[in-house]
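For reference, the structure discussed in these notes is given below.
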Amino acid sequence: MSNKEAKENSSLEDAELIELFLQGKEDAFNRLVLKHKEKVYFLALRILGNHHDAEEASQEAFIKAYKALRKLRERKYFFTWLYRITYNVCMTRKKKSRFTESLDSAAELRDTSAGQNEESVENDQLKKAVKEMLYTLPRQQRAVFVMRIYDEMKFEEIARATGLTTGGVKSNFFNAAQKIKKGVRTKYEL
């Protein structure tokens with residue numbers, strides 16, 4: 001099954017679960033939460049920078065989704081809609097608290113580590129450098145970069161999730177990629 005087919009099947013399954021929820025079956029929403037909680041959490045973690053805030057933002061996003069689910073018209077876009085809610089919750093939290101991100105919290109990010117041969121050590125160092133640079137980006141650029149690279153969302157999906165135009169998303173992604181590339185080159189003197 002291709003990635004596109006998997007996304008379409010996932011969207012259909014989401015729509016079916018929403019329909020069950022709207023018919024009064026509360027367990028259907030729990031299944032939606034279980035299905036999407038990891039991606040929602042990691043989006044929040046990448047934007048907010050620490051586990052505690054990401055946990056709280058994830059919970060808040062699901063509560064908001066629960067309360068507003070009856071208003072969702074395009075049920076096949078549930079996942080994108082949920083991402084938009086999560087994105088907005090995170091941005092609101094950042095504006096309210098104005099806390100600074102710590103590069104130490106980047107260690108909480110999920111890391112795939114291969115064997116410890118020379119190539120994998122270089123890969124690990126490169127991944128770490130990219131993550132460090134990620135936390136130097138403005139919030140919006142960081143969010144767009146995360147959705148595109150880590151969550152493999154299309155530009156159009158990111159636009160729906162963030163409320164930006166597709167051109168704005170592409171511009172934010174390009175600028176983020178350039179800043180990360182420049183920062184990594186400077187750090188490794190490439």
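Labels used: A, B, ... for chains in the order of the structure tokens, numbers from 1 for residues in each chain, and numbers from 1 for ligands as shown.
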Contacts of region 62-77 of chain A within 12 Å, only C-alpha atoms, excl. fewer than 6 positions in-chain, as a count of residues only: 47
Which of region 140-169 of chain A end up as alpha helix (DSSP H) when DSSP is run on this backbone - answer as a count of residues only? 22
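The residue that comes closest to Phe155 (chain A), out of A:Phe78, A:Phe42, A:Tyr135, A:Phe174 and on the basis of only C-alpha atoms, is A:Phe174.
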Pick from A:Ala176, A:Met153, A:Leu43, A:Ala54: nearest to Gln141 (chain A), with only C-alpha atoms counted?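 Between A:Ala176, A:Met153, A:Leu43, A:Ala54, the residue approaching Gln141 (chain A) most closely is A:Ala176.
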